[in-house]
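upload.csv, holding CSV, C-alpha atoms and all ligand atoms:
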chain,number,residue,atom,x,y,z
A,1,MET,CA,35.3,94.0,74.5
A,2,GLU,CA,35.9,91.3,77.2
A,3,ARG,CA,33.2,88.7,77.1
A,4,ARG,CA,30.5,89.1,79.8
A,5,THR,CA,27.8,86.7,81.1
A,6,ILE,CA,24.5,88.6,81.1
A,7,PRO,CA,21.5,86.5,82.1
A,8,PHE,CA,18.1,87.6,80.9
A,9,GLY,CA,16.7,87.6,84.4
A,10,LYS,CA,18.0,86.9,87.9
A,11,PRO,CA,16.3,87.2,91.3
A,12,ILE,CA,18.2,89.4,93.7
A,13,ILE,CA,18.2,87.8,97.1
A,14,GLY,CA,20.3,89.2,100.0
A,15,ALA,CA,21.1,88.6,103.6
A,16,GLU,CA,17.8,90.2,104.7
A,17,GLU,CA,15.7,87.7,102.7
A,18,ARG,CA,17.7,84.8,104.1
A,19,ALA,CA,17.4,86.1,107.7
A,20,ALA,CA,13.6,86.5,107.2
A,21,VAL,CA,13.2,82.9,106.0
A,22,ASN,CA,15.4,81.6,108.8
A,23,ALA,CA,13.2,83.5,111.3
A,24,VAL,CA,10.1,81.7,110.0
A,25,LEU,CA,11.9,78.3,110.0
A,26,ALA,CA,12.9,78.9,113.6
A,27,GLY,CA,9.3,78.9,114.6
A,28,THR,CA,6.4,76.5,113.8
A,29,THR,CA,4.0,78.9,112.0
A,30,PHE,CA,4.3,78.2,108.3
A,31,VAL,CA,0.8,79.1,107.2
A,32,HIS,CA,-2.0,81.3,108.6
A,33,GLY,CA,0.6,83.5,110.2
A,34,PRO,CA,1.4,87.2,110.7
A,35,ARG,CA,3.9,87.5,107.9
A,36,VAL,CA,1.3,87.0,105.2
A,37,GLU,CA,-0.9,89.7,106.8
A,38,GLU,CA,2.1,92.1,107.1
A,39,PHE,CA,3.1,91.5,103.5
A,40,GLU,CA,-0.5,92.1,102.3
A,41,GLY,CA,-0.7,95.3,104.3
A,42,ALA,CA,2.6,96.6,102.9
A,43,PHE,CA,1.7,95.6,99.3
A,44,ALA,CA,-1.8,97.3,99.5
A,45,ALA,CA,0.0,100.5,100.7
A,46,PHE,CA,2.6,100.3,98.0
A,47,VAL,CA,0.1,100.1,95.1
A,48,GLY,CA,-2.6,102.1,96.8
A,49,ALA,CA,-5.3,99.4,97.0
A,50,LYS,CA,-7.8,98.9,99.8
A,51,HIS,CA,-7.3,95.2,99.9
A,52,ALA,CA,-4.4,92.9,99.0
A,53,ILE,CA,-4.8,89.2,99.2
A,54,ALA,CA,-1.7,87.0,99.0
A,55,VAL,CA,-1.9,83.8,96.9
A,56,SER,CA,0.2,81.0,95.5
A,57,SER,CA,0.8,82.6,92.0
A,58,CYS,CA,-0.6,85.1,89.5
A,59,THR,CA,-2.4,82.2,87.8
A,60,THR,CA,-4.3,81.3,90.9
A,61,ALA,CA,-4.9,85.1,91.5
A,62,LEU,CA,-6.6,85.3,88.1
A,63,HIS,CA,-8.6,82.2,88.7
A,64,LEU,CA,-9.9,83.6,92.0
A,65,ALA,CA,-10.7,86.9,90.3
A,66,TYR,CA,-13.1,85.3,87.8
A,67,LEU,CA,-14.6,83.2,90.5
A,68,ALA,CA,-15.3,86.2,92.6
A,69,LEU,CA,-16.9,88.1,89.7
A,70,GLY,CA,-19.2,85.1,89.1
A,71,ILE,CA,-18.0,84.6,85.6
A,72,GLY,CA,-18.6,81.1,84.3
A,73,SER,CA,-20.1,78.9,81.6
A,74,GLY,CA,-21.7,80.8,78.8
A,75,ASP,CA,-19.8,83.9,79.5
A,76,GLU,CA,-17.1,85.5,77.3
A,77,VAL,CA,-14.0,87.4,78.4
A,78,ILE,CA,-12.0,89.7,76.1
A,79,VAL,CA,-8.4,88.4,76.3
A,80,PRO,CA,-5.3,89.8,74.5
A,81,ALA,CA,-3.9,87.4,71.9
A,82,GLN,CA,-0.4,88.5,72.8
A,83,THR,CA,0.1,87.4,76.5
A,84,HIS,CA,1.2,84.6,78.8
A,85,VAL,CA,-0.9,81.5,78.4
A,86,ALA,CA,-2.0,81.9,82.1
A,87,THR,CA,-4.1,85.0,81.2
A,88,ALA,CA,-6.3,82.8,79.0
A,89,PHE,CA,-6.1,79.6,81.1
A,90,ALA,CA,-7.7,81.5,84.0
A,91,VAL,CA,-10.8,82.2,81.9
A,92,GLU,CA,-10.9,78.5,80.9
A,93,TYR,CA,-10.7,77.4,84.5
A,94,VAL,CA,-14.1,78.9,85.2
A,95,GLY,CA,-15.6,77.5,82.0
A,96,ALA,CA,-15.9,80.9,80.3
A,97,ARG,CA,-14.7,81.5,76.7
A,98,PRO,CA,-11.7,83.7,76.0
A,99,VAL,CA,-12.4,85.9,73.0
A,100,PHE,CA,-8.9,86.8,71.7
A,101,VAL,CA,-8.2,90.3,70.3
A,102,ASP,CA,-5.1,91.5,68.5
A,103,ALA,CA,-2.4,93.8,69.9
A,104,GLU,CA,-1.5,97.3,69.0
A,105,SER,CA,1.6,97.4,66.9
A,106,GLN,CA,3.5,100.1,68.8
A,107,THR,CA,3.1,98.8,72.4
A,108,GLY,CA,1.9,95.2,72.3
A,109,ASN,CA,-1.1,96.2,74.4
A,110,LEU,CA,-4.6,95.1,73.6
A,111,ASP,CA,-6.1,97.0,70.6
A,112,LEU,CA,-9.0,98.7,72.3
A,113,ASP,CA,-10.9,99.5,69.0
A,114,ALA,CA,-10.7,95.8,68.1
A,115,ALA,CA,-11.7,94.8,71.6
A,116,GLU,CA,-14.8,96.9,71.5
A,117,ARG,CA,-15.8,95.3,68.2
A,118,ALA,CA,-15.4,91.9,69.7
A,119,ILE,CA,-17.9,92.6,72.5
A,120,THR,CA,-21.2,90.5,72.3
A,121,PRO,CA,-24.2,90.2,74.6
A,122,ARG,CA,-22.3,87.4,76.4
A,123,THR,CA,-19.2,89.5,77.2
A,124,ARG,CA,-18.8,89.9,80.9
A,125,ALA,CA,-15.2,91.2,81.4
A,126,PHE,CA,-12.1,92.6,80.0
A,127,SER,CA,-8.8,90.9,80.8
A,128,LEU,CA,-6.1,93.5,80.5
A,129,VAL,CA,-2.4,92.8,80.4
A,130,HIS,CA,0.0,95.7,80.8
A,131,TYR,CA,2.3,94.3,78.1
A,132,LEU,CA,5.8,93.9,79.5
A,133,GLY,CA,4.9,96.6,82.0
A,134,MET,CA,3.6,99.3,79.6
A,135,PRO,CA,0.2,100.5,80.9
A,136,VAL,CA,-3.0,100.1,78.9
A,137,ASP,CA,-4.9,103.4,78.5
A,138,MET,CA,-7.3,102.8,81.4
A,139,ASP,CA,-9.4,105.9,80.6
A,140,ARG,CA,-10.4,104.3,77.3
A,141,VAL,CA,-10.9,101.0,79.0
A,142,HIS,CA,-13.3,102.5,81.5
A,143,ALA,CA,-15.3,104.3,78.8
A,144,ILE,CA,-15.8,101.0,76.9
A,145,ALA,CA,-16.4,98.9,80.1
A,146,ASP,CA,-19.0,101.4,81.3
A,147,ARG,CA,-20.8,101.4,78.0
A,148,HIS,CA,-21.1,97.6,78.0
A,149,GLU,CA,-21.2,97.0,81.7
A,150,LEU,CA,-18.0,94.9,81.8
A,151,ALA,CA,-15.8,94.0,84.7
A,152,VAL,CA,-12.1,94.8,84.4
A,153,VAL,CA,-9.4,92.3,85.5
A,154,GLU,CA,-5.9,93.6,85.2
A,155,ASP,CA,-3.1,91.0,84.7
A,156,CYS,CA,-0.3,92.9,86.4
A,157,ALA,CA,2.2,90.0,86.4
A,158,LEU,CA,4.8,92.3,84.9
A,159,ALA,CA,3.3,95.6,86.2
A,160,ILE,CA,4.8,96.3,89.6
A,161,GLY,CA,5.8,99.9,89.1
A,162,THR,CA,3.4,100.4,86.2
A,163,ARG,CA,1.4,103.6,86.5
A,164,PHE,CA,-1.3,105.2,84.4
A,165,ARG,CA,-1.9,108.9,85.2
A,166,GLY,CA,0.0,108.3,88.5
A,167,ARG,CA,-2.3,105.4,89.5
A,168,HIS,CA,-0.6,102.1,90.1
A,169,ALA,CA,-1.6,99.1,87.9
A,170,GLY,CA,-4.0,96.8,89.6
A,171,THR,CA,-6.0,99.7,91.1
A,172,CYS,CA,-7.5,101.0,87.9
A,173,GLY,CA,-10.0,98.1,87.3
A,174,ASP,CA,-12.1,95.9,89.6
A,175,ILE,CA,-9.3,93.4,90.4
A,176,GLY,CA,-5.5,93.3,89.9
A,177,CYS,CA,-3.4,90.2,89.8
A,178,PHE,CA,0.4,90.2,90.4
A,179,SER,CA,3.1,87.6,90.1
A,180,PHE,CA,6.2,87.0,92.3
A,181,TYR,CA,7.8,84.4,90.0
A,182,PRO,CA,11.6,84.5,90.3
A,183,VAL,CA,12.5,86.7,87.3
A,184,LYS,CA,9.6,89.2,87.6
A,185,HIS,CA,10.0,92.6,89.2
A,186,MET,CA,10.2,91.1,92.7
A,187,THR,CA,9.9,87.6,94.0
A,188,THR,CA,8.7,85.4,96.8
A,189,ALA,CA,10.2,82.3,95.0
A,190,GLU,CA,6.7,81.7,93.7
A,191,GLY,CA,3.6,83.6,94.6
A,192,GLY,CA,1.0,86.1,93.7
A,193,MET,CA,-1.3,88.9,95.0
A,194,VAL,CA,-4.8,90.0,94.3
A,195,THR,CA,-5.7,93.7,94.8
A,196,THR,CA,-9.2,95.3,94.9
A,197,ASP,CA,-11.0,98.2,96.4
A,198,ASP,CA,-14.3,96.2,96.6
A,199,ASP,CA,-15.0,94.7,100.1
A,200,VAL,CA,-17.4,92.0,98.8
A,201,LEU,CA,-14.9,90.8,96.1
A,202,ALA,CA,-12.1,90.8,98.7
A,203,ALA,CA,-14.1,88.8,101.2
A,204,ARG,CA,-15.0,86.2,98.6
A,205,ILE,CA,-11.4,85.9,97.3
A,206,ARG,CA,-10.1,85.5,100.9
A,207,GLN,CA,-12.6,82.8,101.6
A,208,GLN,CA,-12.1,80.9,98.3
A,209,ARG,CA,-8.3,80.9,98.5
A,210,ALA,CA,-8.5,78.8,101.7
A,211,PHE,CA,-11.0,76.0,101.0
A,212,GLY,CA,-14.1,78.3,101.2
A,213,LEU,CA,-14.1,77.9,105.0
A,214,ASP,CA,-16.6,80.2,106.7
A,215,LYS,CA,-14.2,81.0,109.6
A,216,THR,CA,-10.5,81.8,109.5
A,217,VAL,CA,-8.3,80.0,112.0
A,218,THR,CA,-8.4,82.9,114.5
A,219,GLU,CA,-12.2,83.3,114.2
A,220,ARG,CA,-13.0,79.7,115.2
A,221,ALA,CA,-14.4,79.6,118.7
A,222,VAL,CA,-13.7,75.8,118.9
A,223,PRO,CA,-10.5,74.8,117.1
A,224,GLY,CA,-11.2,72.7,114.0
A,225,ILE,CA,-14.9,73.6,113.8
A,226,TYR,CA,-16.0,75.2,110.5
A,227,ASN,CA,-18.5,74.9,107.7
A,228,VAL,CA,-18.1,75.5,103.9
A,229,THR,CA,-20.5,77.6,101.9
A,230,MET,CA,-18.8,77.5,98.5
A,231,LEU,CA,-16.3,75.4,96.4
A,232,GLY,CA,-12.9,76.3,97.8
A,233,TYR,CA,-9.3,75.9,96.8
A,234,ASN,CA,-5.9,75.9,98.5
A,235,TYR,CA,-4.3,78.9,96.8
A,236,ARG,CA,-2.7,80.4,99.9
A,237,MET,CA,0.7,82.0,100.2
A,238,ASN,CA,2.9,80.6,103.0
A,239,GLU,CA,4.9,82.4,105.7
A,240,LEU,CA,8.3,81.7,104.1
A,241,GLU,CA,7.2,83.3,100.8
A,242,ALA,CA,5.6,86.3,102.6
A,243,ALA,CA,8.7,86.8,104.6
A,244,ILE,CA,10.8,87.0,101.4
A,245,GLY,CA,8.1,89.2,99.8
A,246,ALA,CA,8.1,91.8,102.6
A,247,VAL,CA,11.8,92.3,102.2
A,248,GLN,CA,11.7,92.3,98.4
A,249,LEU,CA,9.0,95.0,98.4
A,250,THR,CA,11.3,97.4,100.3
A,251,ARG,CA,13.8,96.9,97.4
A,252,VAL,CA,11.3,97.6,94.6
A,253,PRO,CA,11.9,101.4,94.3
A,254,GLY,CA,15.6,100.6,93.8
A,255,PHE,CA,14.8,97.8,91.4
A,256,LEU,CA,12.6,100.1,89.3
A,257,ALA,CA,15.1,102.9,89.3
A,258,ALA,CA,17.7,100.5,87.9
A,259,ARG,CA,15.3,99.2,85.3
A,260,GLN,CA,14.6,102.8,84.2
A,261,ARG,CA,18.3,103.7,84.0
A,262,ASN,CA,19.2,100.5,82.1
A,263,ASP,CA,16.3,100.7,79.7
A,264,ALA,CA,17.0,104.4,78.8
A,265,ALA,CA,20.7,103.7,78.3
A,266,LEU,CA,20.0,100.6,76.1
A,267,ARG,CA,17.3,102.4,74.0
A,268,ALA,CA,19.4,105.4,73.4
A,269,THR,CA,22.0,103.2,71.6
A,270,LEU,CA,19.6,100.7,69.9
A,271,VAL,CA,17.6,103.3,68.1
A,272,ARG,CA,20.7,104.1,66.0
A,273,ILE,CA,21.0,100.5,64.6
A,274,PRO,CA,19.4,100.3,61.1
A,275,GLY,CA,16.9,97.5,60.6
A,276,VAL,CA,15.4,97.5,64.0
A,277,SER,CA,12.7,99.3,65.8
A,278,LEU,CA,11.7,99.2,69.5
A,279,LEU,CA,8.4,98.6,71.2
A,280,GLU,CA,7.3,101.8,72.9
A,281,THR,CA,7.8,102.3,76.5
A,282,SER,CA,7.0,105.1,79.0
A,283,HIS,CA,5.7,108.4,77.7
A,284,GLY,CA,3.6,111.1,79.2
A,285,ASN,CA,1.1,109.7,81.7
A,286,PHE,CA,2.1,106.1,80.7
A,287,GLU,CA,4.8,104.9,83.1
A,288,SER,CA,6.1,101.4,82.3
A,289,SER,CA,7.7,99.1,84.8
A,290,ARG,CA,10.2,98.3,82.0
A,291,TYR,CA,10.3,94.5,82.2
A,292,CYS,CA,12.6,94.3,79.2
A,293,CYS,CA,13.5,96.1,76.0
A,294,VAL,CA,11.9,94.5,72.9
A,295,VAL,CA,13.7,94.9,69.6
A,296,LEU,CA,11.6,94.3,66.5
A,297,LEU,CA,13.5,93.2,63.5
A,298,SER,CA,12.7,94.5,60.0
A,299,ASP,CA,11.1,92.1,57.5
A,300,ALA,CA,14.5,91.5,56.0
A,301,LEU,CA,16.2,90.6,59.3
A,302,ALA,CA,13.3,88.7,60.9
A,303,PRO,CA,14.0,85.4,59.1
A,304,ARG,CA,17.5,85.5,60.7
A,305,ARG,CA,16.2,86.1,64.2
A,306,PHE,CA,17.5,82.9,65.7
A,307,GLU,CA,21.0,83.4,64.2
A,308,ILE,CA,21.0,86.9,65.9
A,309,VAL,CA,19.9,85.3,69.2
A,310,ALA,CA,22.6,82.7,68.8
A,311,ALA,CA,25.2,85.4,68.1
A,312,LEU,CA,24.1,87.3,71.2
A,313,LYS,CA,24.3,84.1,73.2
A,314,GLU,CA,27.8,83.5,72.0
A,315,ARG,CA,28.7,86.9,73.4
A,316,GLY,CA,27.1,85.9,76.7
A,317,VAL,CA,23.9,88.0,76.3
A,318,GLY,CA,20.7,86.2,77.5
A,319,THR,CA,17.5,87.0,75.5
A,320,SER,CA,13.9,85.9,75.5
A,321,VAL,CA,10.8,86.1,73.3
A,322,TYR,CA,7.5,87.6,74.5
A,323,TYR,CA,5.6,85.7,73.6
A,324,PRO,CA,6.7,82.9,71.2
A,325,HIS,CA,3.2,82.5,69.7
A,326,PRO,CA,0.0,84.4,70.1
A,327,VAL,CA,-2.1,82.4,72.6
A,328,PRO,CA,-4.9,81.5,70.2
A,329,HIS,CA,-2.3,79.9,67.9
A,330,LEU,CA,-1.2,77.5,70.7
A,331,THR,CA,-2.4,73.9,70.0
A,332,TYR,CA,-4.8,73.7,73.0
A,333,PHE,CA,-6.7,76.9,71.9
A,334,ARG,CA,-6.5,76.3,68.2
A,335,GLU,CA,-8.0,72.9,68.5
A,336,LYS,CA,-10.7,74.2,70.8
A,337,TYR,CA,-11.6,77.4,69.0
A,338,GLY,CA,-10.1,77.0,65.6
A,339,HIS,CA,-9.0,80.6,65.0
A,340,HIS,CA,-7.7,81.7,61.6
A,341,LEU,CA,-4.0,81.8,61.6
A,342,ASN,CA,-3.9,85.3,60.2
A,343,ALA,CA,-6.4,86.9,62.6
A,344,PHE,CA,-3.9,88.5,64.9
A,345,PRO,CA,-1.3,90.2,62.6
A,346,ASN,CA,0.2,92.6,65.1
A,347,ALA,CA,0.6,89.8,67.7
A,348,VAL,CA,2.1,87.5,65.1
A,349,ARG,CA,4.6,90.3,64.1
A,350,ILE,CA,5.6,90.9,67.7
A,351,SER,CA,6.0,87.1,68.3
A,352,ASN,CA,8.0,86.6,65.1
A,353,HIS,CA,10.1,89.7,64.9
A,354,GLY,CA,10.9,90.4,68.5
A,355,ILE,CA,14.0,89.8,70.6
A,356,ALA,CA,13.6,90.8,74.3
A,357,LEU,CA,16.7,92.2,75.8
A,358,PRO,CA,17.4,92.3,79.6
A,359,VAL,CA,17.3,95.6,81.6
A,360,GLY,CA,16.9,94.1,85.1
A,361,PRO,CA,18.4,95.5,88.3
A,362,HIS,CA,21.1,92.7,88.2
A,363,LEU,CA,22.7,94.7,85.3
A,364,THR,CA,24.6,97.9,85.0
A,365,THR,CA,24.7,100.7,82.4
A,366,ASP,CA,28.1,99.2,81.3
A,367,ASP,CA,26.2,95.9,80.6
A,368,MET,CA,23.7,97.9,78.5
A,369,ALA,CA,26.6,99.3,76.4
A,370,TYR,CA,27.9,95.7,76.0
A,371,ILE,CA,24.4,94.4,75.0
A,372,ALA,CA,23.9,97.2,72.4
A,373,ALA,CA,27.4,96.6,70.9
A,374,ALA,CA,26.7,92.9,70.8
A,375,MET,CA,23.4,93.5,69.1
A,376,GLU,CA,24.9,95.8,66.5
A,377,GLU,CA,27.7,93.3,65.8
A,378,ALA,CA,25.3,90.4,65.5
A,379,ILE,CA,23.1,92.2,63.0
A,380,VAL,CA,26.2,93.3,60.9
A,381,THR,CA,27.5,89.7,60.9
A,382,VAL,CA,24.1,88.1,60.0
A,383,SER,CA,23.5,90.8,57.3
A,384,ALA,CA,26.9,90.2,55.8
A,385,SER,CA,26.5,86.4,55.7
A,386,HIS,CA,23.1,86.9,54.2
A,387,ALA,CA,24.5,89.2,51.5
A,388,ALA,CA,27.2,86.6,50.8
A,389,THR,CA,24.6,83.9,50.4
A,390,VAL,CA,22.5,86.0,48.1
A,391,ALA,CA,25.6,86.9,46.0
A,392,VAL,CA,26.4,83.1,45.6
B,401,LIG,C1,4.2,85.4,84.4
B,401,LIG,C2,2.9,85.8,84.0
B,401,LIG,C3,1.8,85.1,84.4
B,401,LIG,C4,1.8,83.9,85.3
B,401,LIG,O1,2.3,84.3,86.6
B,401,LIG,P1,2.6,83.1,87.7
B,401,LIG,O2,2.9,83.8,89.0
B,401,LIG,O3,3.8,82.3,87.2
B,401,LIG,O4,1.4,82.3,87.8
B,401,LIG,C5,0.5,85.6,84.0
B,401,LIG,N1,0.4,86.6,83.2
B,401,LIG,C6,1.5,87.3,82.7
B,401,LIG,C7,1.3,88.4,81.7
B,401,LIG,C8,2.8,86.9,83.0
B,401,LIG,O5,3.9,87.5,82.5
Spell out the structure here as structure tokens.
Amino acid sequence: MERRTIPFGKPIIGAEERAAVNAVLAGTTFVHGPRVEEFEGAFAAFVGAKHAIAVSSCTTALHLAYLALGIGSGDEVIVPAQTHVATAFAVEYVGARPVFVDAESQTGNLDLDAAERAITPRTRAFSLVHYLGMPVDMDRVHAIADRHELAVVEDCALAIGTRFRGRHAGTCGDIGCFSFYPVKHMTTAEGGMVTTDDDVLAARIRQQRAFGLDKTVTERAVPGIYNVTMLGYNYRMNELEAAIGAVQLTRVPGFLAARQRNDAALRATLVRIPGVSLLETSHGNFESSRYCCVVLLSDALAPRRFEIVAALKERGVGTSVYYPHPVPHLTYFREKYGHHLNAFPNAVRISNHGIALPVGPHLTTDDMAYIAAAMEEAIVTVSASHAATVAV
């Protein structure tokens, strides 16, 4: 097969995004403008939330979420061990303690039985991550959260298009936080969004994202006159980013359809390769946004993982690892909380056995056939060289 170049992720930016950015640059309104409001309205409608508040990243969205919920020093938040470090950092920013809980082996999502066992009188909230776009069982989450009076924050960084029982991620808990980082489901170059149905939380998040000022630019009777009633931040999204986002959002249905097509094609071939299994994706009421396709290597193949990754790279196939280490094993958290290294066996297994393969809308079903063939070849080569080594 002719060699291809298949990047793991690639933002898709067209003439419309360029024109939208140029239109902003042609004027003088770069912040506090109409494009952020338009993008917020369109995003709220897309996910079915009452409020959408545009911010500078998913990380700042998460920070604002915990601030708005009044979570702070002395409080605990249940955080999945298997996630992006930002999920846990946001809890640290407000001075609360992340209590890490292992993943389910089949999906990588938070193990909800283990999560319920980790609840203490200090627990205030659940931090949920729809792992690589696979929805968490929100019915079970609500049952537990109601029993223990916990708030629910959804980290939806990879969950644009994720639905549980038809409801879009980010509208199932108290607050949802989205990312528009370049290789996620849609981009604003860099950016994020907070969603909520709660008017009080929404007002607090809007105020705190912009220095905590008591009046917005348009509300000020005398320009420049305002007061502050709370510690504020500068976590706004600007007009250039919002202009890109509004166009990207119109492309999302097409992006998601391409992901679904690619993921289905890739899985259909990969399941036939011996020595690998796949993390579960959509089934029944669980509709994944299909960020990538994770191959889990068998115990025999796992020690050869980086050779397989190198063989794929040689064939032009970009891969990634989600995530390289469970968060509590990262030095900052280990030094602070000193968790036992074997406390998160499923998260460790996903970190150490997984290879994430691309299924993004920058790729075709032909590319999927190429990736599957490259994977099969890589495993055969590595297994053969392993057998030869053993024989010597
Ligand atoms: C990417 C990611 C984040 C961070 O998003 P930014 O917009 O880069 O701040 C947080 N959580 C998860 C699960 C992510 O994948």
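When CA of Ile273 (chain A) is paired with CA of Ser383 (chain A), their separation reads 12.4 Å.
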Query - Residue contacts of Glu241 (chain A) (12 Å, all atoms listed in the file) excluding same-chain residues fewer than 2 positions away, as a VMD selection string - result: chain A and resid 17 to 18 20 to 22 24 to 25 30 to 31 33 35 to 40 54 to 57 180 to 182 186 to 193 236 to 239 243 to 248
Report task. Rank A:His148, A:His362, A:His168, A:His142 by their smallest atom-to-atom distance to Ala118 (chain A), using only C-alpha atoms, and report the top residue only. Result -> A:His148
**Report entry** Near-ligand residues for ligand LIG 401 (chain B), threshold 10 Å, all atoms listed in the file, as a PyMOL selection string
**Finding:** chain A and resi 55-62+80+82-90+128-133+154-159+177-184+187-193+291+322-323
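For Ala264 (chain A), the residues within 12 Å (counting only C-alpha atoms, excluding itself and residues fewer than 5 positions away along the chain) are A:Ala257, A:Ala258, A:Arg259, A:Thr269, A:Leu270, A:Val271, A:Leu278, A:Glu280, A:Thr281, A:Ser282, A:Ser288, A:Arg290, A:Cys292, A:Cys293, A:Val359, A:Thr364, A:Thr365, A:Met368, A:Ala369, A:Ala372.
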Requested in this report: Could you tell me how far CA of Asn234 (chain A) lies from CA of Ile160 (chain A), in Å and to one decimal?
Outcome: 24.7 Å
Could the residues of region 96-184 of chain A that have an atom at most 12 Å from region 350-354 of chain A be listed as a Markdown table, each with its closest atom pair and the distance in Å to one decimal, counting all atoms listed in the file and ordered by chain and ascending residue number?
| residue | atom | partner | partner_atom | distance |
| --- | --- | --- | --- | --- |
| A:Asp102 | CA | A:Ile350 | CA | 10.7 |
| A:Ala103 | CA | A:Ile350 | CA | 8.8 |
| A:Glu104 | CA | A:Ile350 | CA | 9.6 |
| A:Ser105 | CA | A:Ile350 | CA | 7.7 |
| A:Gln106 | CA | A:Ile350 | CA | 9.5 |
| A:Thr107 | CA | A:Ile350 | CA | 9.5 |
| A:Gly108 | CA | A:Ile350 | CA | 7.3 |
| A:Asn109 | CA | A:Ile350 | CA | 10.9 |
| A:Tyr131 | CA | A:Ile350 | CA | 11.4 |
Kindly save the residues from that selection, with C-alpha atoms included, as a compact mmCIF listing (two decimals), keeping the file's coordinate frame.
# COMPACT_ATOMS: atom_id res chain seq x y z
CA ASP A 102 -5.10 91.50 68.50
CA ALA A 103 -2.40 93.80 69.90
CA GLU A 104 -1.50 97.30 69.00
CA SER A 105 1.60 97.40 66.90
CA GLN A 106 3.50 100.10 68.80
CA THR A 107 3.10 98.80 72.40
CA GLY A 108 1.90 95.20 72.30
CA ASN A 109 -1.10 96.20 74.40
CA TYR A 131 2.30 94.30 78.10
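Residues within 9 Å of Ser298 (chain A), counting all atoms listed in the file and excluding same-chain residues fewer than 6 positions away, are Pro274, Gly275, Val276, Ser277 and His353 of chain A.
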Report task. Tell me which protein, DNA and RNA residues are within 10 Å of Pro121 (chain A), counting only C-alpha atoms, leaving out same-chain ones fewer than 3 positions away, and put them as JSON, numbers by chain. Result -> {"A": [75, 76, 124, 148]}
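Distances from A:Ser320, A:Lys50, A:Glu314, A:Phe164 to Val200 (chain A) were compared using only C-alpha atoms, and the smallest one belongs to A:Lys50.
Rounded to one decimal, CA of Ile78 (chain A) and CA of Val152 (chain A) lie 9.7 Å from each other.
When all atoms listed in the file are used to measure the gap to Thr195 (chain A), the shortest distance among A:Ala311, A:Ala151, A:Leu279, A:Ile53 belongs to A:Ile53.
Considering all atoms listed in the file, the residue among A:Thr229, A:Phe211, A:Asp263, A:Phe126 positioned nearest to Ile175 (chain A) is A:Phe126.
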Query raised in the report: For Gly232 (chain A), which residue among A:Glu149, A:Glu307, A:Asp366, A:Asp214 is the nearest when counting all atoms listed in the file?
Result: A:Asp214
Query raised in the report: Do you know which residues are at most 12 Å from Glu2 (chain A) counting all atoms listed in the file, after dropping those on the same chain fewer than 3 positions away, and could you put them as a PyMOL selection string?
Result: chain A and resi 5+315-316+366-367+370+373-374
